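Peer 1: Submitted below is the structure of interest, expressed as structure tokens.
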Amino acid sequence: MNEHGHEEWKQQLVKCIRCGTCRSVCPVFKEENNENTTARGKVQLLEGVLEGAVKLTPTLQERFNKCLLCKACVKGCPSGVRTDTLFLSARLTNANKNSLPLAKRLAFKGLTFRKLFDTGLRIGSVMQNVVMKKSDDGRGNQARFNIPGSGLDLRRIIPPLAAKPLRDIVPEKTTVTNPKGRAVFFPGCMLNYIYPEAGKAVVNILKRNNWDVTIPTDLSCCGTPAFTSGDQATGRELAAANLKALAGDYDVVITACASCGAALKNEYGEILQNESDHNAWQKLSKKVLDISEFVVKYGDPALFGALPMKVTYHDACHLVRGMDVSKQPRQVFATVPELDFRNMKDADVCCGAGGTFSMAYYNLSRRINDHKLDNAEATGASCLVTGCSACRMHITDGLSQRNSNMRVMHTAEIIDMAYQNGEKQKKGGKQV
Ligand code: SF4
Ligand code: SF4
């Protein structure tokens, strides 16, 4: 991931044959019908920049920001153009040239002060009701007023910060007798501060399969918000800190957040390509498993009890195209007795969250999300399952906006519930 002018850009741009396949899969193009938003349009723009015919002004830069980084164009490109790397590189160029807004720079820098960041979110959890109020349907919080610089639309419903982060609920080390292996779990910010119950489900899954679990105290944010916005220096700093924290005699590195998993498994390799930490990343990368991959590879299906629920599944972009995880959750669902799994149409199309995209372009992200919700509701499922907390948050907001009572859960929570039922069935107790 380099700044423009570097050879890497040219190598990618020259591969584009203008076929337009990327146009047919782009969720933003589908809504806006504007060639400028497609990967092909952006590739042409970058060619103009390299030739010196076009200046990458903040207005033109907007085209790279109006992108979900969903990787659908990368996956579908017959010439193998790494549009994702190109677009991130363009964002980096802009960040270096025009500088990111002060609020963003401070927020990203704040991520590197782990203890300060943790204290800030704990205070935020206590004080959040000053600026947020409970939504009418009780599914989350809404801003009481416009919060400058937050990008929070007043209609938007977001989950509250948890009263206790995951780190306060589960110990740093969970040990079992005669462990089958040693797992280190990277919960990331969302599972730690917003959805700790999903993080706890991950620990339960590992424990039930007789694995030791460690959640190192000195883990930081994975850095995705920073390096996808062009702040690569902060991204590198966070990557280096996490590689250090995750170093140890572990058999697997477990993630349960699509963006964290894709960062640890693949994207750190790009942002650290010229750094001394690259070797450490290569070793770590081979051990990274999403929790659904772990269950398929090491889980004991005999532990599952009946779970009579109708569920559908949304493939998060960073899981299906960032980690190649798509069949594993479905394999797990097929193994759980009485679980009625219903595949939705376009399950792997982006839900419109796209990190900060849904903050900057809320109306557009809602329109993209509506297709996802239509497809989910058409299955007749009562619960939508996903392996990404950002998707969960955006989809829950969408369901609230249309007064739907469909539940949204993390894959790990479904697996944990099935395990709990297995244990209860053995003991003859009541199922969850
Ligand atoms: S799919 Fe690939 S080759 Fe075709 S126009 Fe898009 S970027 Fe170019
Ligand atoms: S990453 Fe997604 S949103 Fe961005 S250009 Fe490619 S298909 Fe469109």
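Following the order of the structure tokens, first chain is A, next is B, and so on, with residues numbered from 1 inside each chain and ligands from 1 in the order they appear.
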Write as a PyMOL selection string the residues around ligand 2, taking 8 Å as the cut-off and counting only C-alpha atoms and all ligand atoms.
Peer 2: chain A and resi 22-23+25-29+37-40+42+64+66-74+83-84+350
Peer 1: At a cut-off of 7 Å and counting only C-alpha atoms and all ligand atoms, what residues surround ligand 1? Please answer as a compact mmCIF listing (two decimals) with N, CA and C atoms, in the first residue's frame.
Peer 2:
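The resulting file, selection.txt, is shown below:
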```txt
# COMPACT_ATOMS: atom_id res chain seq x y z
N LYS A 15 -3.44 -3.39 -15.69
CA LYS A 15 -4.16 -4.66 -15.86
C LYS A 15 -5.64 -4.46 -16.22
N CYS A 16 -6.16 -3.27 -15.96
CA CYS A 16 -7.60 -3.04 -16.17
C CYS A 16 -7.94 -3.05 -17.66
N ILE A 17 -8.89 -3.91 -18.04
CA ILE A 17 -9.27 -4.02 -19.46
C ILE A 17 -10.61 -3.33 -19.73
N ARG A 18 -11.07 -2.54 -18.74
CA ARG A 18 -12.30 -1.74 -18.89
C ARG A 18 -13.54 -2.60 -19.15
N CYS A 19 -13.55 -3.82 -18.64
CA CYS A 19 -14.66 -4.73 -18.94
C CYS A 19 -15.96 -4.34 -18.24
N GLY A 20 -15.84 -3.65 -17.11
CA GLY A 20 -17.04 -3.21 -16.40
C GLY A 20 -17.67 -4.24 -15.48
N THR A 21 -16.99 -5.38 -15.29
CA THR A 21 -17.54 -6.39 -14.37
C THR A 21 -17.72 -5.78 -12.98
N CYS A 22 -16.77 -4.93 -12.60
CA CYS A 22 -16.82 -4.32 -11.26
C CYS A 22 -18.07 -3.44 -11.10
N ARG A 23 -18.51 -2.89 -12.21
CA ARG A 23 -19.70 -2.03 -12.18
C ARG A 23 -20.94 -2.83 -11.80
N ALA A 39 -15.36 0.87 -9.54
CA ALA A 39 -13.91 0.64 -9.50
C ALA A 39 -13.29 1.09 -10.81
N ARG A 40 -13.97 0.79 -11.94
CA ARG A 40 -13.43 1.19 -13.24
C ARG A 40 -13.25 2.71 -13.33
N VAL A 43 -10.32 3.68 -11.22
CA VAL A 43 -9.06 3.26 -11.86
C VAL A 43 -8.67 4.28 -12.93
N CYS A 73 -15.60 -5.72 -6.03
CA CYS A 73 -14.96 -5.47 -7.32
C CYS A 73 -13.66 -6.26 -7.45
N GLY A 76 -14.55 -9.92 -8.21
CA GLY A 76 -15.12 -10.19 -9.53
C GLY A 76 -14.22 -9.81 -10.70
N CYS A 77 -13.10 -9.16 -10.42
CA CYS A 77 -12.29 -8.63 -11.52
C CYS A 77 -11.56 -9.75 -12.28
N PRO A 78 -11.83 -9.90 -13.59
CA PRO A 78 -11.18 -10.98 -14.34
C PRO A 78 -9.68 -10.76 -14.54
N SER A 79 -9.23 -9.51 -14.37
CA SER A 79 -7.80 -9.23 -14.57
C SER A 79 -7.03 -9.19 -13.26
N GLY A 80 -7.73 -9.40 -12.17
CA GLY A 80 -7.04 -9.42 -10.87
C GLY A 80 -6.53 -8.07 -10.43
N VAL A 81 -7.23 -6.99 -10.80
CA VAL A 81 -6.79 -5.66 -10.36
C VAL A 81 -7.09 -5.54 -8.86
N THR A 83 -8.13 -3.53 -6.66
CA THR A 83 -8.75 -2.22 -6.49
C THR A 83 -8.77 -1.80 -5.01
```
Peer 1: Could you tell me which of A:Gly181, A:Gly398, A:Gly269, A:Gly387 comes closest to A:Asp374 if we count only C-alpha atoms?
Peer 2: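 Checking each candidate against A:Asp374, we get A:Gly398 as the closest.
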Peer 1: Please report the interatomic distance between atom CA of A:Thr174 and atom CA of A:Leu206 in Å with one decimal.
Peer 2: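 Distance between the two atoms: 9.5 Å.
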Peer 1: Would you compute the distance between atom CA of A:Ile271 and atom CA of A:Arg236? Give it in Å to one decimal.
Peer 2: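 Result for atom CA of A:Ile271 versus atom CA of A:Arg236: 6.3 Å, one decimal.
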Peer 1: Measuring atom to atom with only C-alpha atoms, identify which of A:Asp231, A:Glu8, A:Asp348, A:Asp137 is nearest to A:Arg91.
Peer 2: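 Among the listed residues, the smallest separation from A:Arg91 belongs to A:Asp231.
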Peer 1: Compare A:Gln12, A:Gln401, A:Ser125, A:Ser389 by their minimum atom-to-atom distance to A:Asn369, counting only C-alpha atoms, and give me the closest one.
Peer 2: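 Checking each of A:Gln12, A:Gln401, A:Ser125, A:Ser389 against A:Asn369, counting only C-alpha atoms, the winner is A:Gln401.
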Peer 1: Fewer than 3 positions away in the same chain doesn't count, so skip those; otherwise give me all residues within 10 Å of A:Lys134, counting only C-alpha atoms, as a list in words.
Peer 2: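 My reading of the contact set: Asn129, Asp137, Gly138, Arg139, Gly140, Asn141, Gln142, Ala143, Arg144, Ile157, Ile158, Pro159 and Pro160 of chain A.
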Peer 1: Closest to A:Asn210 among A:Tyr250, A:Phe357, A:Phe185, A:Tyr298, using only C-alpha atoms?
Peer 2: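 The shortest atom-to-atom distance to A:Asn210 comes from A:Tyr298.
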Peer 1: Please indicate the distance in Å from atom CA of A:Lys164 to atom CA of A:Leu238, rounded to one decimal place.
Peer 2: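 Between atom CA of A:Lys164 and atom CA of A:Leu238 the gap is 23.6 Å.
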Peer 1: Let me make sure I understand: among A:Ala376, A:Phe87, A:Asn405, A:Glu270, which one has the smallest atom-to-atom distance to A:Leu45 if we use only C-alpha atoms?
Peer 2: A:Phe87
Peer 1: I need the residue nearest A:Lys109 from this list: A:Leu60, A:Leu166, A:Leu88, A:Cys221. Use only C-alpha atoms for the distance.
Peer 2: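 Closest to A:Lys109, using only C-alpha atoms: A:Cys221.
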Peer 1: Can you pull out the residues contacting A:Lys244? Cut-off 12 Å, using only C-alpha atoms, and skip same-chain residues under 2 positions away; I want them as a PyMOL selection string.
Peer 2: chain A and resi 216-220+237-242+246-248+277-278+280-281+284
Peer 1: As a PyMOL selection string, please: every residue in stretch 98-244 of chain A that DSSP puts in helix (DSSP H, G or I).
Peer 2: chain A and resi 98+102-111+114-131+166-169+188-194+196-208+224-228+232-244
Peer 1: Those same residues - C-alpha atoms - I'd like them written as a CSV table (one decimal), in the first residue's frame.
Peer 2:
```csv
chain,number,residue,atom,x,y,z
A,98,ASN,CA,-4.5,17.3,2.5
A,102,LEU,CA,-8.4,17.2,13.3
A,103,ALA,CA,-11.2,15.2,15.0
A,104,LYS,CA,-10.3,12.1,13.0
A,105,ARG,CA,-6.5,12.5,13.6
A,106,LEU,CA,-7.1,12.9,17.3
A,107,ALA,CA,-9.5,9.9,17.4
A,108,PHE,CA,-7.1,7.7,15.6
A,109,LYS,CA,-4.1,8.8,17.7
A,110,GLY,CA,-6.2,8.2,20.8
A,111,LEU,CA,-6.4,4.5,19.8
A,114,ARG,CA,-4.6,1.9,25.1
A,115,LYS,CA,-5.2,2.8,28.7
A,116,LEU,CA,-6.5,6.2,28.0
A,117,PHE,CA,-8.8,4.8,25.3
A,118,ASP,CA,-10.1,2.2,27.7
A,119,THR,CA,-10.7,4.8,30.4
A,120,GLY,CA,-12.5,7.1,27.9
A,121,LEU,CA,-14.9,4.3,26.9
A,122,ARG,CA,-15.6,3.3,30.5
A,123,ILE,CA,-16.4,7.0,31.3
A,124,GLY,CA,-18.5,7.0,28.0
A,125,SER,CA,-20.4,4.0,29.2
A,126,VAL,CA,-21.4,5.8,32.4
A,127,MET,CA,-22.1,9.2,30.8
A,128,GLN,CA,-23.6,8.1,27.5
A,129,ASN,CA,-27.2,9.0,28.6
A,130,VAL,CA,-26.2,12.7,28.6
A,131,VAL,CA,-26.0,12.8,24.9
A,166,LEU,CA,-15.7,-8.1,28.1
A,167,ARG,CA,-12.4,-7.8,29.9
A,168,ASP,CA,-14.2,-7.3,33.2
A,169,ILE,CA,-16.5,-10.3,32.6
A,188,GLY,CA,-11.4,-6.2,19.2
A,189,CYS,CA,-13.2,-3.0,20.4
A,190,MET,CA,-16.7,-3.9,19.3
A,191,LEU,CA,-16.9,-7.2,21.2
A,192,ASN,CA,-15.1,-5.7,24.2
A,193,TYR,CA,-17.1,-2.5,24.7
A,194,ILE,CA,-20.4,-3.0,22.8
A,196,PRO,CA,-19.4,-8.4,25.4
A,197,GLU,CA,-22.1,-11.2,25.4
A,198,ALA,CA,-20.8,-12.3,22.0
A,199,GLY,CA,-17.2,-12.2,23.2
A,200,LYS,CA,-18.3,-14.3,26.2
A,201,ALA,CA,-19.9,-16.8,23.8
A,202,VAL,CA,-16.5,-17.1,22.0
A,203,VAL,CA,-14.7,-17.9,25.3
A,204,ASN,CA,-17.5,-20.5,26.1
A,205,ILE,CA,-17.1,-22.2,22.8
A,206,LEU,CA,-13.4,-22.6,23.2
A,207,LYS,CA,-13.8,-23.7,26.8
A,208,ARG,CA,-16.5,-26.3,25.9
A,224,THR,CA,-8.7,-0.8,10.7
A,225,PRO,CA,-10.5,2.5,11.2
A,226,ALA,CA,-7.2,4.3,11.0
A,227,PHE,CA,-5.5,2.6,8.0
A,228,THR,CA,-8.7,2.5,5.9
A,232,GLN,CA,-1.3,4.4,7.9
A,233,ALA,CA,1.2,5.5,10.5
A,234,THR,CA,-1.3,4.9,13.3
A,235,GLY,CA,-2.4,1.6,11.7
A,236,ARG,CA,1.2,0.4,11.7
A,237,GLU,CA,1.7,1.4,15.3
A,238,LEU,CA,-1.4,-0.5,16.4
A,239,ALA,CA,-0.4,-3.5,14.3
A,240,ALA,CA,3.0,-3.6,15.9
A,241,ALA,CA,1.5,-3.4,19.4
A,242,ASN,CA,-0.9,-6.2,18.7
A,243,LEU,CA,1.7,-8.5,17.2
A,244,LYS,CA,3.7,-8.0,20.4
```
Peer 1: Among stretch 314-426 of chain A, which residues carry a DSSP assignment of strand (DSSP E or B), reported as a PyMOL selection string?
Peer 2: chain A and resi 314+340-341+383-386+407-410
